[in-house]
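Engineer: Just one file: structure.txt, with compact mmCIF, C-alpha atoms.
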# COMPACT_ATOMS: atom_id res chain seq x y z
CA MET A 6 1.41 23.28 -26.20
CA SER A 7 3.84 22.24 -23.49
CA ILE A 8 5.01 18.64 -23.37
CA PHE A 9 3.78 18.49 -19.75
CA GLU A 10 0.27 19.19 -20.98
CA TYR A 11 0.24 16.55 -23.73
CA ASN A 12 -1.65 13.90 -21.77
CA GLY A 13 -3.29 15.93 -18.98
CA SER A 14 -3.21 15.01 -15.29
CA ALA A 15 -4.13 16.09 -11.77
CA LEU A 16 -2.63 14.82 -8.51
CA ILE A 17 -3.04 15.67 -4.83
CA ALA A 18 -1.54 14.28 -1.67
CA MET A 19 -2.73 15.48 1.71
CA VAL A 20 -1.72 14.79 5.30
CA GLY A 21 -4.18 13.87 8.04
CA LYS A 22 -3.93 12.59 11.60
CA ASN A 23 -1.65 9.53 11.31
CA CYS A 24 -2.93 9.01 7.79
CA PHE A 25 -2.60 10.45 4.32
CA ALA A 26 -4.65 10.60 1.14
CA ILE A 27 -3.40 10.58 -2.42
CA ALA A 28 -5.75 11.23 -5.31
CA SER A 29 -5.61 11.58 -9.07
CA ASP A 30 -7.91 12.15 -12.01
CA ARG A 31 -8.58 9.35 -14.51
CA ARG A 32 -8.26 10.97 -17.93
CA LEU A 33 -5.71 9.89 -20.51
CA GLY A 34 -5.74 12.25 -23.45
CA VAL A 35 -3.70 13.15 -26.48
CA GLN A 36 -3.97 16.93 -26.46
CA LEU A 37 -7.62 17.68 -27.16
CA GLN A 38 -8.74 14.06 -27.69
CA THR A 39 -9.65 11.77 -24.78
CA ILE A 40 -8.31 8.24 -25.21
CA ALA A 41 -9.33 6.61 -21.94
CA THR A 42 -11.21 7.42 -18.75
CA ASP A 43 -9.69 4.76 -16.52
CA PHE A 44 -6.00 5.62 -16.54
CA GLN A 45 -4.04 4.83 -13.38
CA ARG A 46 -1.71 7.56 -12.24
CA ILE A 47 -1.08 6.39 -8.69
CA TYR A 48 1.06 3.33 -8.04
CA LYS A 49 1.63 1.39 -4.85
CA VAL A 50 5.32 0.96 -4.13
CA HIS A 51 4.62 -0.90 -0.90
CA ASP A 52 1.75 -1.03 1.58
CA ARG A 53 2.74 2.27 3.19
CA LEU A 54 4.17 4.14 0.20
CA PHE A 55 2.36 5.46 -2.84
CA LEU A 56 3.72 7.25 -5.87
CA GLY A 57 1.71 9.47 -8.20
CA LEU A 58 3.17 10.52 -11.52
CA SER A 59 1.77 13.43 -13.49
CA GLY A 60 2.94 14.78 -16.82
CA LEU A 61 3.82 12.81 -19.94
CA ALA A 62 2.25 9.35 -19.64
CA THR A 63 5.02 7.47 -21.45
CA ASP A 64 7.68 8.91 -19.14
CA ALA A 65 5.45 8.21 -16.12
CA GLN A 66 5.24 4.55 -17.18
CA THR A 67 9.00 4.31 -17.82
CA LEU A 68 9.84 6.06 -14.56
CA TYR A 69 7.46 3.84 -12.59
CA GLN A 70 9.07 0.70 -14.07
CA ARG A 71 12.57 1.96 -13.17
CA LEU A 72 11.53 2.89 -9.62
CA VAL A 73 9.75 -0.40 -8.95
CA PHE A 74 12.88 -2.19 -10.16
CA ARG A 75 15.09 -0.18 -7.80
CA HIS A 76 12.71 -0.73 -4.90
CA LYS A 77 12.57 -4.49 -5.48
CA LEU A 78 16.38 -4.61 -5.51
CA TYR A 79 16.41 -2.61 -2.28
CA GLN A 80 13.94 -5.08 -0.73
CA LEU A 81 16.14 -8.01 -1.73
CA ARG A 82 19.29 -6.43 -0.34
CA GLU A 83 17.92 -4.79 2.82
CA GLU A 84 15.09 -7.29 3.51
CA ARG A 85 12.73 -4.43 4.30
CA ASP A 86 10.64 -1.78 2.58
CA MET A 87 12.02 1.64 1.74
CA LYS A 88 11.15 4.55 3.98
CA PRO A 89 9.26 7.34 2.20
CA GLU A 90 12.07 9.86 2.76
CA THR A 91 14.57 7.45 1.24
CA PHE A 92 12.31 6.74 -1.72
CA ALA A 93 11.88 10.44 -2.34
CA SER A 94 15.65 10.86 -2.44
CA LEU A 95 15.87 7.93 -4.88
CA VAL A 96 13.28 9.51 -7.19
CA SER A 97 15.09 12.82 -7.01
CA ALA A 98 18.42 11.21 -7.91
CA ILE A 99 16.94 9.27 -10.83
CA LEU A 100 15.32 12.42 -12.20
CA TYR A 101 18.50 14.48 -11.89
CA GLU A 102 20.47 11.78 -13.73
CA LYS A 103 18.53 12.93 -16.78
CA ARG A 104 19.17 16.62 -16.10
CA PHE A 105 19.85 17.50 -19.74
CA GLY A 106 17.24 15.19 -21.26
CA PRO A 107 14.65 14.87 -18.48
CA TYR A 108 11.63 12.71 -17.86
CA PHE A 109 8.66 15.03 -18.36
CA CYS A 110 6.99 14.02 -15.12
CA GLN A 111 6.18 15.59 -11.81
CA PRO A 112 6.02 12.94 -9.09
CA VAL A 113 3.99 13.11 -5.90
CA ILE A 114 5.16 10.80 -3.15
CA ALA A 115 3.07 9.96 -0.09
CA GLY A 116 3.88 7.45 2.62
CA LEU A 117 3.76 6.56 6.29
CA GLY A 118 7.18 6.82 7.87
CA ASP A 119 8.48 5.82 11.27
CA GLU A 120 5.90 5.87 14.06
CA ASP A 121 3.17 6.12 11.40
CA LYS A 122 4.03 9.74 10.70
CA PRO A 123 2.65 10.71 7.27
CA PHE A 124 5.17 11.99 4.73
CA ILE A 125 4.36 13.78 1.49
CA CYS A 126 6.50 15.49 -1.07
CA THR A 127 6.55 16.55 -4.68
CA MET A 128 9.36 17.47 -7.03
CA ASP A 129 9.80 19.04 -10.42
CA SER A 130 10.89 17.15 -13.50
CA ILE A 131 14.59 17.38 -12.58
CA GLY A 132 14.22 16.26 -8.99
CA ALA A 133 13.97 19.41 -6.89
CA LYS A 134 12.25 18.12 -3.77
CA GLU A 135 9.51 20.08 -2.11
CA LEU A 136 8.52 18.77 1.32
CA ALA A 137 5.24 19.98 2.76
CA LYS A 138 3.45 19.47 6.03
CA ASP A 139 -0.07 19.85 4.66
CA PHE A 140 -0.58 19.07 0.96
CA VAL A 141 1.19 18.83 -2.37
CA VAL A 142 -0.29 19.03 -5.86
CA ALA A 143 0.85 18.35 -9.42
CA GLY A 144 -0.47 18.27 -12.96
CA THR A 145 -2.19 20.50 -15.48
CA ALA A 146 -4.75 21.54 -12.87
CA SER A 147 -2.12 22.40 -10.24
CA GLU A 148 -3.00 26.06 -9.93
CA SER A 149 -6.66 25.29 -9.22
CA LEU A 150 -5.59 22.48 -6.92
CA TYR A 151 -3.41 24.82 -4.85
CA GLY A 152 -6.31 27.16 -4.34
CA ALA A 153 -8.83 24.47 -3.51
CA CYS A 154 -6.52 22.68 -1.08
CA GLU A 155 -5.49 25.90 0.67
CA ALA A 156 -9.13 26.77 1.23
CA MET A 157 -10.33 23.34 2.34
CA PHE A 158 -7.37 22.02 4.33
CA LYS A 159 -7.46 21.65 8.10
CA PRO A 160 -4.67 20.08 10.14
CA ASP A 161 -5.16 16.68 11.84
CA MET A 162 -8.18 15.46 9.91
CA GLU A 163 -9.31 11.88 10.46
CA ALA A 164 -9.44 9.46 7.52
CA GLU A 165 -13.11 9.98 6.62
CA GLU A 166 -12.96 13.77 6.74
CA LEU A 167 -9.65 13.71 4.86
CA PHE A 168 -11.26 11.64 2.12
CA GLU A 169 -14.10 14.14 1.77
CA THR A 170 -11.71 17.10 1.67
CA VAL A 171 -9.36 15.57 -0.89
CA SER A 172 -12.25 14.46 -3.09
CA GLN A 173 -13.92 17.87 -3.10
CA ALA A 174 -10.63 19.66 -3.75
CA LEU A 175 -9.79 17.32 -6.64
CA LEU A 176 -13.19 17.39 -8.32
CA SER A 177 -13.67 21.14 -8.08
CA SER A 178 -10.18 21.77 -9.50
CA VAL A 179 -10.35 19.37 -12.44
CA ASP A 180 -13.71 20.82 -13.43
CA ARG A 181 -11.84 24.02 -14.28
CA ASP A 182 -9.26 22.18 -16.38
CA CYS A 183 -10.18 20.71 -19.74
CA LEU A 184 -7.20 18.33 -19.81
CA SER A 185 -7.95 16.49 -16.57
CA GLY A 186 -11.00 14.96 -15.00
CA TRP A 187 -13.34 12.12 -15.98
CA GLY A 188 -13.62 11.01 -12.39
CA GLY A 189 -11.17 10.54 -9.57
CA HIS A 190 -9.14 7.86 -7.86
CA VAL A 191 -8.57 8.34 -4.12
CA TYR A 192 -6.41 6.24 -1.79
CA VAL A 193 -6.71 6.90 1.96
CA VAL A 194 -3.94 5.17 3.86
CA THR A 195 -3.95 4.62 7.62
CA PRO A 196 -1.53 2.42 9.60
CA THR A 197 -4.06 -0.41 9.48
CA GLU A 198 -5.66 -0.25 6.05
CA VAL A 199 -5.64 1.20 2.57
CA ARG A 200 -9.02 2.29 1.17
CA GLU A 201 -9.24 2.82 -2.55
CA ARG A 202 -12.25 4.70 -3.87
CA ILE A 203 -13.34 5.81 -7.33
CA LEU A 204 -15.09 9.18 -7.60
CA LYS A 205 -17.66 10.05 -10.18
CA GLY A 206 -17.44 13.70 -11.15
CA ARG A 207 -18.34 15.66 -14.25
CA MET A 208 -17.60 13.29 -17.12
CA ASP A 209 -16.39 15.83 -19.61
CA MET B 2 -5.31 10.31 -43.33
CA GLU B 3 -4.45 6.86 -42.03
CA CYS B 4 -7.42 5.41 -40.20
CA VAL B 5 -6.95 2.57 -37.77
CA PHE B 6 -9.49 1.50 -35.15
CA GLY B 7 -10.58 -1.54 -33.18
CA LEU B 8 -12.77 -2.86 -30.39
CA VAL B 9 -13.22 -5.84 -28.09
CA GLY B 10 -16.35 -7.98 -28.36
CA ASN B 11 -17.66 -11.15 -26.78
CA GLY B 12 -14.74 -13.55 -27.01
CA PHE B 13 -13.05 -11.72 -29.87
CA ALA B 14 -11.26 -8.51 -30.82
CA ILE B 15 -11.69 -6.80 -34.17
CA LEU B 16 -9.35 -4.36 -35.96
CA ALA B 17 -9.99 -2.26 -39.04
CA ALA B 18 -7.49 -0.21 -41.01
CA ASP B 19 -7.52 1.74 -44.22
CA THR B 20 -5.47 0.31 -47.08
CA SER B 21 -4.09 3.39 -48.82
CA ALA B 22 -0.34 3.84 -49.23
CA VAL B 23 0.03 7.56 -49.70
CA HIS B 24 3.05 9.73 -50.50
CA SER B 25 2.22 13.45 -50.35
CA ILE B 26 -0.60 13.89 -52.89
CA LEU B 27 -0.06 10.56 -54.64
CA VAL B 28 -1.82 7.30 -53.74
CA HIS B 29 0.73 4.59 -54.52
CA LYS B 30 -1.70 1.75 -53.93
CA SER B 31 -5.03 1.20 -52.24
CA ASN B 32 -4.63 -2.40 -51.14
CA GLU B 33 -1.80 -2.04 -48.61
CA ASP B 34 -2.44 -4.36 -45.66
CA LYS B 35 -1.66 -2.49 -42.45
CA ILE B 36 -2.88 -5.18 -40.05
CA MET B 37 -0.17 -7.74 -39.46
CA ILE B 38 -0.90 -11.19 -38.09
CA LEU B 39 1.70 -11.25 -35.35
CA ASP B 40 1.23 -14.87 -34.39
CA SER B 41 -1.59 -17.39 -34.25
CA HIS B 42 -3.65 -15.32 -31.81
CA LYS B 43 -2.43 -11.73 -32.17
CA LEU B 44 -3.01 -8.87 -34.58
CA VAL B 45 -1.13 -5.60 -34.90
CA ALA B 46 -2.68 -2.66 -36.72
CA ALA B 47 -0.09 0.03 -37.24
CA SER B 48 -0.31 3.55 -38.60
CA GLY B 49 2.40 6.10 -39.20
CA GLU B 50 5.59 6.52 -41.22
CA PRO B 51 5.47 3.70 -43.81
CA GLY B 52 9.11 2.55 -43.43
CA ASP B 53 8.95 2.58 -39.63
CA ARG B 54 5.55 0.83 -39.70
CA VAL B 55 6.79 -2.16 -41.68
CA GLN B 56 10.22 -2.39 -40.06
CA PHE B 57 8.98 -2.04 -36.50
CA THR B 58 6.05 -4.45 -36.78
CA GLU B 59 8.24 -7.06 -38.49
CA TYR B 60 10.83 -6.61 -35.72
CA ILE B 61 8.15 -7.24 -33.09
CA GLN B 62 6.78 -10.21 -35.06
CA LYS B 63 10.20 -11.86 -35.27
CA ASN B 64 10.95 -11.30 -31.59
CA VAL B 65 7.58 -12.75 -30.60
CA ALA B 66 8.36 -15.80 -32.73
CA LEU B 67 11.83 -16.07 -31.16
CA TYR B 68 10.33 -16.13 -27.67
CA GLN B 69 8.06 -18.98 -28.71
CA PHE B 70 11.00 -20.92 -30.18
CA ARG B 71 13.15 -20.41 -27.11
CA ASN B 72 10.53 -21.02 -24.46
CA GLY B 73 8.09 -23.38 -26.12
CA ILE B 74 5.06 -21.26 -25.25
CA PRO B 75 3.75 -18.09 -26.90
CA LEU B 76 3.84 -14.68 -25.26
CA THR B 77 0.58 -13.41 -23.79
CA THR B 78 -1.02 -10.35 -25.37
CA ALA B 79 -0.17 -8.25 -22.32
CA ALA B 80 3.47 -9.32 -22.43
CA THR B 81 3.66 -8.57 -26.15
CA ALA B 82 2.15 -5.13 -25.56
CA ASN B 83 4.64 -4.36 -22.83
CA PHE B 84 7.53 -5.62 -24.97
CA THR B 85 6.37 -3.41 -27.85
CA ARG B 86 6.09 -0.41 -25.51
CA GLY B 87 9.57 -1.13 -24.17
CA GLU B 88 11.08 -1.12 -27.67
CA LEU B 89 9.32 2.13 -28.54
CA ALA B 90 10.35 3.73 -25.23
CA THR B 91 14.01 2.72 -25.61
CA ALA B 92 14.12 4.12 -29.13
CA LEU B 93 12.20 7.27 -28.16
CA ARG B 94 15.14 9.35 -27.03
CA LYS B 95 17.57 7.97 -29.59
CA ASN B 96 15.90 7.22 -32.89
CA PRO B 97 12.13 7.25 -32.44
CA TYR B 98 9.75 5.10 -34.43
CA ALA B 99 6.84 7.16 -35.75
CA VAL B 100 4.34 4.30 -35.47
CA ASN B 101 1.03 4.12 -33.60
CA ILE B 102 -0.12 0.61 -32.76
CA LEU B 103 -3.33 -1.15 -31.81
CA LEU B 104 -2.50 -4.64 -30.58
CA ALA B 105 -5.36 -7.13 -30.40
CA GLY B 106 -4.99 -10.62 -29.03
CA TYR B 107 -6.79 -13.60 -27.57
CA ASP B 108 -5.42 -15.51 -24.58
CA LYS B 109 -7.03 -18.71 -23.32
CA GLU B 110 -6.92 -17.59 -19.69
CA THR B 111 -7.93 -13.96 -20.06
CA GLY B 112 -9.91 -13.82 -23.30
CA PRO B 113 -9.71 -11.04 -25.87
CA SER B 114 -7.84 -7.79 -25.22
CA LEU B 115 -6.91 -4.62 -27.06
CA TYR B 116 -3.91 -2.40 -26.32
CA TYR B 117 -3.41 1.19 -27.41
CA ILE B 118 0.28 2.05 -27.90
CA ASP B 119 1.04 5.44 -29.36
CA TYR B 120 4.28 6.52 -31.03
CA ILE B 121 5.77 7.94 -27.84
CA ALA B 122 5.20 4.61 -26.09
CA THR B 123 2.11 5.40 -24.04
CA LEU B 124 0.53 2.01 -23.27
CA HIS B 125 -3.07 1.52 -22.18
CA LYS B 126 -5.44 -1.44 -22.24
CA VAL B 127 -8.70 -0.32 -23.82
CA ASP B 128 -12.06 -1.67 -25.00
CA LYS B 129 -12.07 0.55 -28.05
CA GLY B 130 -9.32 2.60 -29.65
CA ALA B 131 -8.44 4.51 -32.78
CA PHE B 132 -5.63 6.50 -34.40
CA GLY B 133 -5.46 9.18 -37.08
CA TYR B 134 -7.93 11.76 -38.30
CA GLY B 135 -10.47 8.96 -38.67
CA SER B 136 -10.38 8.53 -34.90
CA TYR B 137 -12.43 11.71 -34.46
CA PHE B 138 -15.28 9.93 -36.22
CA SER B 139 -14.75 6.30 -35.29
CA LEU B 140 -14.21 6.94 -31.56
CA SER B 141 -17.39 8.98 -31.33
CA MET B 142 -19.32 6.35 -33.26
CA MET B 143 -17.99 3.66 -30.94
CA ASP B 144 -18.74 5.75 -27.85
CA ARG B 145 -22.33 5.92 -28.99
CA HIS B 146 -22.92 2.31 -30.09
CA TYR B 147 -20.37 0.18 -28.24
CA HIS B 148 -21.30 -1.96 -25.26
CA SER B 149 -19.27 -4.71 -23.69
CA GLY B 150 -19.89 -8.25 -24.94
CA MET B 151 -21.00 -7.35 -28.46
CA SER B 152 -21.59 -10.24 -30.85
CA LEU B 153 -19.57 -10.52 -34.06
CA GLU B 154 -22.50 -9.29 -36.17
CA GLU B 155 -23.01 -6.26 -33.94
CA ALA B 156 -19.29 -5.48 -33.92
CA VAL B 157 -18.92 -5.73 -37.71
CA ASP B 158 -22.01 -3.57 -38.03
CA LEU B 159 -20.39 -0.98 -35.77
CA VAL B 160 -17.13 -1.17 -37.77
CA ASP B 161 -19.14 -0.58 -40.94
CA LYS B 162 -20.89 2.38 -39.33
CA CYS B 163 -17.46 3.85 -38.48
CA ILE B 164 -16.20 3.28 -42.02
CA MET B 165 -19.32 4.97 -43.44
CA GLU B 166 -18.78 7.92 -41.14
CA ILE B 167 -15.11 8.25 -42.13
CA ARG B 168 -15.97 7.98 -45.83
CA SER B 169 -18.65 10.64 -45.67
CA ARG B 170 -17.06 13.12 -43.25
CA LEU B 171 -13.28 12.99 -43.73
CA VAL B 172 -12.10 15.18 -46.60
CA VAL B 173 -9.21 12.87 -47.57
CA ALA B 174 -11.15 9.73 -46.73
CA PRO B 175 -9.42 6.51 -47.75
CA PRO B 176 -11.63 4.45 -50.08
CA ASN B 177 -10.78 0.94 -48.91
CA PHE B 178 -10.55 -0.83 -45.54
CA VAL B 179 -9.49 -4.23 -44.31
CA ILE B 180 -11.08 -5.89 -41.26
CA LYS B 181 -9.38 -8.63 -39.27
CA ILE B 182 -10.52 -10.48 -36.17
CA VAL B 183 -8.90 -12.60 -33.49
CA ASP B 184 -10.75 -15.09 -31.28
CA LYS B 185 -10.21 -18.52 -29.76
CA ASP B 186 -9.82 -19.97 -33.25
CA GLY B 187 -6.99 -17.63 -34.12
CA ALA B 188 -6.23 -14.42 -35.98
CA ARG B 189 -7.58 -14.10 -39.49
CA GLU B 190 -8.72 -11.70 -42.15
CA TYR B 191 -12.45 -11.14 -41.98
CA ALA B 192 -13.35 -8.89 -44.91
CA TRP B 193 -12.36 -6.03 -47.16
CA ARG B 194 -14.55 -2.98 -47.67
CA GLN B 195 -13.66 -1.61 -51.07
CA SER B 196 -15.11 1.30 -52.97
CA VAL B 197 -12.14 1.58 -55.35
CA LYS B 198 -10.81 -1.64 -56.81
CA ASP B 199 -7.04 -1.86 -57.15
CA GLY B 200 -5.02 -4.73 -58.64
CA PRO B 201 -5.18 -8.17 -57.03
CA VAL B 202 -3.95 -8.34 -53.42
CA VAL B 203 -0.40 -9.70 -53.30
CA SER B 204 0.04 -12.07 -50.37
CA GLU B 205 3.53 -12.86 -49.09
So that I can check it, write out the structure of this file as C-alpha cells.

Structural biologist:
Amino acid sequence: MSIFEYNGSALIAMVGKNCFAIASDRRLGVQLQTIATDFQRIYKVHDRLFLGLSGLATDAQTLYQRLVFRHKLYQLREERDMKPETFASLVSAILYEKRFGPYFCQPVIAGLGDEDKPFICTMDSIGAKELAKDFVVAGTASESLYGACEAMFKPDMEAEELFETVSQALLSSVDRDCLSGWGGHVYVVTPTEVRERILKGRMD
Amino acid sequence: MECVFGLVGNGFAILAADTSAVHSILVHKSNEDKIMILDSHKLVAASGEPGDRVQFTEYIQKNVALYQFRNGIPLTTAATANFTRGELATALRKNPYAVNILLAGYDKETGPSLYYIDYIATLHKVDKGAFGYGSYFSLSMMDRHYHSGMSLEEAVDLVDKCIMEIRSRLVVAPPNFVIKIVDKDGAREYAWRQSVKDGPVVSE
C-alpha cells in the first residue's frame, strides 16, 4: 500500500462568487483500521486563508506546525497577514526543500485575496503548484472527487449553494472510498464571515 | 501480540496493557510493566520494540521532570503529548523509535484526557484507543459499550470485557494484564489480571 494511503483522506476546495468553500472528511485510519472519526484536516492560517493537508497524518501535522511558525514570523515582520498566493509559494518552497526525502502530503490552499477574489490551489508532495479557477481536490478519494466536482460545479455560486454543492460532491465521493469518510467538515468563507459545518454522511 | 488500550471516564482515565516480554517464540517474563507513571498525574502505556519502549519512555519521563524542576509547575497532558510527538517526529527520518504510545493524564483545569501517538508520530486526542493485534478486539468492544462519563466500576468492567475478548479470540493472547488509572488523586496502579503467575513483581 502506498504511503499516501496509510491514513486516508479527502479534500476539496471550490470557488464561488466572492467566496470559497474548503471541505474534508473526518476519518483517521491506520490502513484498514479506523482510529478516530473526528480528525481535523483543515487548518485556519488566518481569517481569510485556510490550508487543508491530505496524505500521511504525521507529515501533515509537522508541515502545519512549520507553516504556522513561518506565518507567525511573517506577521511579526510585515505586520499583516500573508496573501494566499504568497502562502502557496511558501508551501511550495518548503515542500521542495525536502525534494529527496519529501513530506508525504498533498496540500490544498484556499483563501480570499485582494478585492475579496477567491484563490485556490493544490500541489503535489514536492511542491508543484496547480492553480485552478473552479475547484481542486486531494486525497485517497481524489479520482471520485474530480468526477463529482466536474459534474456538480457551476461558476459564480453564492455561499449557500456552494455549501450544498461541495457537501454533495464530498459525501458522494468518499462513499466510494473505503479509506475516507465518517462525515465531513465544511468551511464556507465569505468576506464577512466564516461558517464551519459538520456533515453527517455514511458512517462506515 | 502486545495489547495496549485505554479509555476516558468520568474524571479519570484508565489504561490497560499486557505484561508479556516476548522474544520470537520465547516468553522471557509475564510480569513486565509496560505502563509507566510519567509524573504524579500522567501515565504512559507503550508498545513496540522493547529497547525503544523503555529508552524512549524514560527519556520523556526525565524531560517532563526537568520541565517541572526548571519552571516550578508540571507540564499539562496536552503539552506532554505534543512534546512526545515532537521527539518521535524529529527522530522519524533519522533514527525512528518503534514505539506506540497511549498517554493518559489528569489536569485540574481540563480534567482527564487520553492521547493516541503512533510510532510515526501521528497525534490525536481520543476517548478510547488501542494498539496491537488486541486492538481489533478491544476497540470493537469499546465501540459497543463505551459512553462518555463512565464510572470507575463501569470502566473497569469494560476493560475486563476487553481482556476476556483478547484472551478468548487472539491466538497468541497474552495471559496477564496490568490496569492503571489516573484521576484527581494522581496516577496509580489499579489491579493486575493474571491467569499465569510469574515470580514476584520487582519494583524499582

Engineer: Around (0.4, 10.4, 13.2), as given in the file, which residues come within 9 Å? Count all atoms listed in the file and list them as a ChimeraX atom specification.

Structural biologist: /A:21-24,117,120-123,161,196

Engineer: May I ask which of the residues B:Ser136, B:Thr20, B:Asn101, B:Asn11 is the closest one to Ile180 (chain B), counting all atoms listed in the file?

Structural biologist: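 Looking at the shortest contact to Ile180 (chain B), the residue is B:Thr20.
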
Engineer: Within 9 Å of Ala66 (chain B), counting all atoms listed in the file, which residues show up once you throw out same-chain ones fewer than 2 positions away? Write them as a ChimeraX atom specification, please.

Structural biologist: /B:39-40,61-64,68-71,75-76

Engineer: With 10 Å as the cut-off and all atoms listed in the file counted, what is the closest atom pair between each nearby residue of chain B and chain A? Distances in Å to one decimal, ordered by chain and number, as a Markdown table.

Structural biologist:
| residue | atom | partner | partner_atom | distance |
| --- | --- | --- | --- | --- |
| B:Arg86 | CA | A:Thr63 | CA | 8.9 |
| B:Gly87 | CA | A:Thr67 | CA | 8.4 |
| B:Leu89 | CA | A:Thr63 | CA | 9.9 |
| B:Ala90 | CA | A:Thr63 | CA | 7.5 |
| B:Thr91 | CA | A:Thr67 | CA | 9.4 |
| B:Leu93 | CA | A:Thr63 | CA | 9.8 |
| B:Arg94 | CA | A:Gly106 | CA | 8.5 |
| B:Tyr117 | CA | A:Ile40 | CA | 8.9 |
| B:Ile118 | CA | A:Thr63 | CA | 9.7 |
| B:Asp119 | CA | A:Thr63 | CA | 9.1 |
| B:Tyr120 | CA | A:Thr63 | CA | 9.7 |
| B:Ile121 | CA | A:Thr63 | CA | 6.5 |
| B:Ala122 | CA | A:Thr63 | CA | 5.5 |
| B:Thr123 | CA | A:Thr63 | CA | 4.4 |
| B:Leu124 | CA | A:Thr63 | CA | 7.3 |
| B:His125 | CA | A:Phe44 | CA | 7.6 |
| B:Lys126 | CA | A:Ala41 | CA | 8.9 |
| B:Val127 | CA | A:Ala41 | CA | 7.2 |
| B:Asp128 | CA | A:Ala41 | CA | 9.2 |
| B:Lys129 | CA | A:Ile40 | CA | 9.0 |
| B:Gly130 | CA | A:Ile40 | CA | 7.2 |
| B:Ala131 | CA | A:Ile40 | CA | 8.4 |
| B:Phe132 | CA | A:Ile40 | CA | 9.7 |
| B:Ser136 | CA | A:Gln38 | CA | 9.2 |
| B:Tyr137 | CA | A:Gln38 | CA | 8.1 |
| B:Leu140 | CA | A:Ile40 | CA | 8.8 |

Engineer: Rounded to one decimal place, report the CA of Tyr101 (chain A)-CA of Ile131 (chain A) distance in Å.

Structural biologist: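 These two atoms are separated by 4.9 Å.
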
Engineer: Do you know which residues lie at most 7 Å from (-9.9, 14.0, -19.1), with coordinates as in the file and only C-alpha atoms counted, and could you write them as a list in words?

Structural biologist: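 Residues lying no farther than 7 Å from the given point: Gly13, Arg31, Arg32, Leu33, Gly34, Thr39, Thr42, Cys183, Leu184, Ser185, Gly186, Trp187 and Asp209 of chain A.
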
Engineer: Excluding Pro113 (chain B) and residues on its chain fewer than 4 positions from it, collect all residues at most 7 Å away from it, counting all atoms listed in the file, and give them as a PDB file with C-alpha atoms, keeping the file's coordinate frame.

Structural biologist:
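Wrote result_2.pdb, looks like this:
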ATOM      1  CA  VAL B   9     -13.220  -5.840 -28.090  1.00  0.00           C
ATOM      2  CA  GLY B  12     -14.740 -13.550 -27.010  1.00  0.00           C
ATOM      3  CA  PHE B  13     -13.050 -11.720 -29.870  1.00  0.00           C
ATOM      4  CA  ALA B  14     -11.260  -8.510 -30.820  1.00  0.00           C
ATOM      5  CA  GLY B 106      -4.990 -10.620 -29.030  1.00  0.00           C
ATOM      6  CA  TYR B 107      -6.790 -13.600 -27.570  1.00  0.00           C
ATOM      7  CA  ASP B 108      -5.420 -15.510 -24.580  1.00  0.00           C
ATOM      8  CA  ASP B 184     -10.750 -15.090 -31.280  1.00  0.00           C
TER       9      ASP B 184
END

Engineer: As a ChimeraX atom specification, please: the residues near Leu16 (chain B) (cut-off 9 Å, only C-alpha atoms, same-chain neighbours under 3 positions excluded).

Structural biologist: /B:5-9,36,44-46,103-105,160,179-183

Engineer: Would you put the residues from that selection into a file with C-alpha atoms, as a tab-separated table (two decimals), in the frame of the given file?

Structural biologist:
chain	number	residue	atom	x	y	z
B	5	VAL	CA	-6.95	2.57	-37.77
B	6	PHE	CA	-9.49	1.50	-35.15
B	7	GLY	CA	-10.58	-1.54	-33.18
B	8	LEU	CA	-12.77	-2.86	-30.39
B	9	VAL	CA	-13.22	-5.84	-28.09
B	36	ILE	CA	-2.88	-5.18	-40.05
B	44	LEU	CA	-3.01	-8.87	-34.58
B	45	VAL	CA	-1.13	-5.60	-34.90
B	46	ALA	CA	-2.68	-2.66	-36.72
B	103	LEU	CA	-3.33	-1.15	-31.81
B	104	LEU	CA	-2.50	-4.64	-30.58
B	105	ALA	CA	-5.36	-7.13	-30.40
B	160	VAL	CA	-17.13	-1.17	-37.77
B	179	VAL	CA	-9.49	-4.23	-44.31
B	180	ILE	CA	-11.08	-5.89	-41.26
B	181	LYS	CA	-9.38	-8.63	-39.27
B	182	ILE	CA	-10.52	-10.48	-36.17
B	183	VAL	CA	-8.90	-12.60	-33.49

Engineer: Could I get the residues of region 38-61 of chain A with an atom no further than 12 Å from an atom of region 16-19 of chain A, each paired with its nearest atom pair and that distance in Å to one decimal, using all atoms listed in the file, sorted by chain and residue number, as JSON lines?

Structural biologist:
{"residue": "A:Gln45", "atom": "CA", "partner": "A:Leu16", "partner_atom": "CA", "distance": 11.2}
{"residue": "A:Arg46", "atom": "CA", "partner": "A:Leu16", "partner_atom": "CA", "distance": 8.2}
{"residue": "A:Ile47", "atom": "CA", "partner": "A:Leu16", "partner_atom": "CA", "distance": 8.6}
{"residue": "A:Leu54", "atom": "CA", "partner": "A:Ala18", "partner_atom": "CA", "distance": 11.8}
{"residue": "A:Phe55", "atom": "CA", "partner": "A:Ala18", "partner_atom": "CA", "distance": 9.7}
{"residue": "A:Leu56", "atom": "CA", "partner": "A:Ala18", "partner_atom": "CA", "distance": 9.7}
{"residue": "A:Gly57", "atom": "CA", "partner": "A:Leu16", "partner_atom": "CA", "distance": 6.9}
{"residue": "A:Leu58", "atom": "CA", "partner": "A:Leu16", "partner_atom": "CA", "distance": 7.8}
{"residue": "A:Ser59", "atom": "CA", "partner": "A:Leu16", "partner_atom": "CA", "distance": 6.8}
{"residue": "A:Gly60", "atom": "CA", "partner": "A:Leu16", "partner_atom": "CA", "distance": 10.0}

Engineer: Would you compute the distance between CA of Val199 (chain A) and CA of Lys159 (chain A)? Give it in Å to one decimal.

Structural biologist: 21.3 Å

Engineer: Report, in Å with one decimal, the straight-line distance from CA of Val73 (chain A) to CA of Tyr151 (chain A).

Structural biologist: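 Result for CA of Val73 (chain A) versus CA of Tyr151 (chain A): 28.7 Å, one decimal.
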
Engineer: In terms of the shortest atom-to-atom distance over all atoms listed in the file, which of A:Leu150, A:Val141, A:Val191, A:Ala164 is closest to Ser178 (chain A)?

Structural biologist: A:Leu150
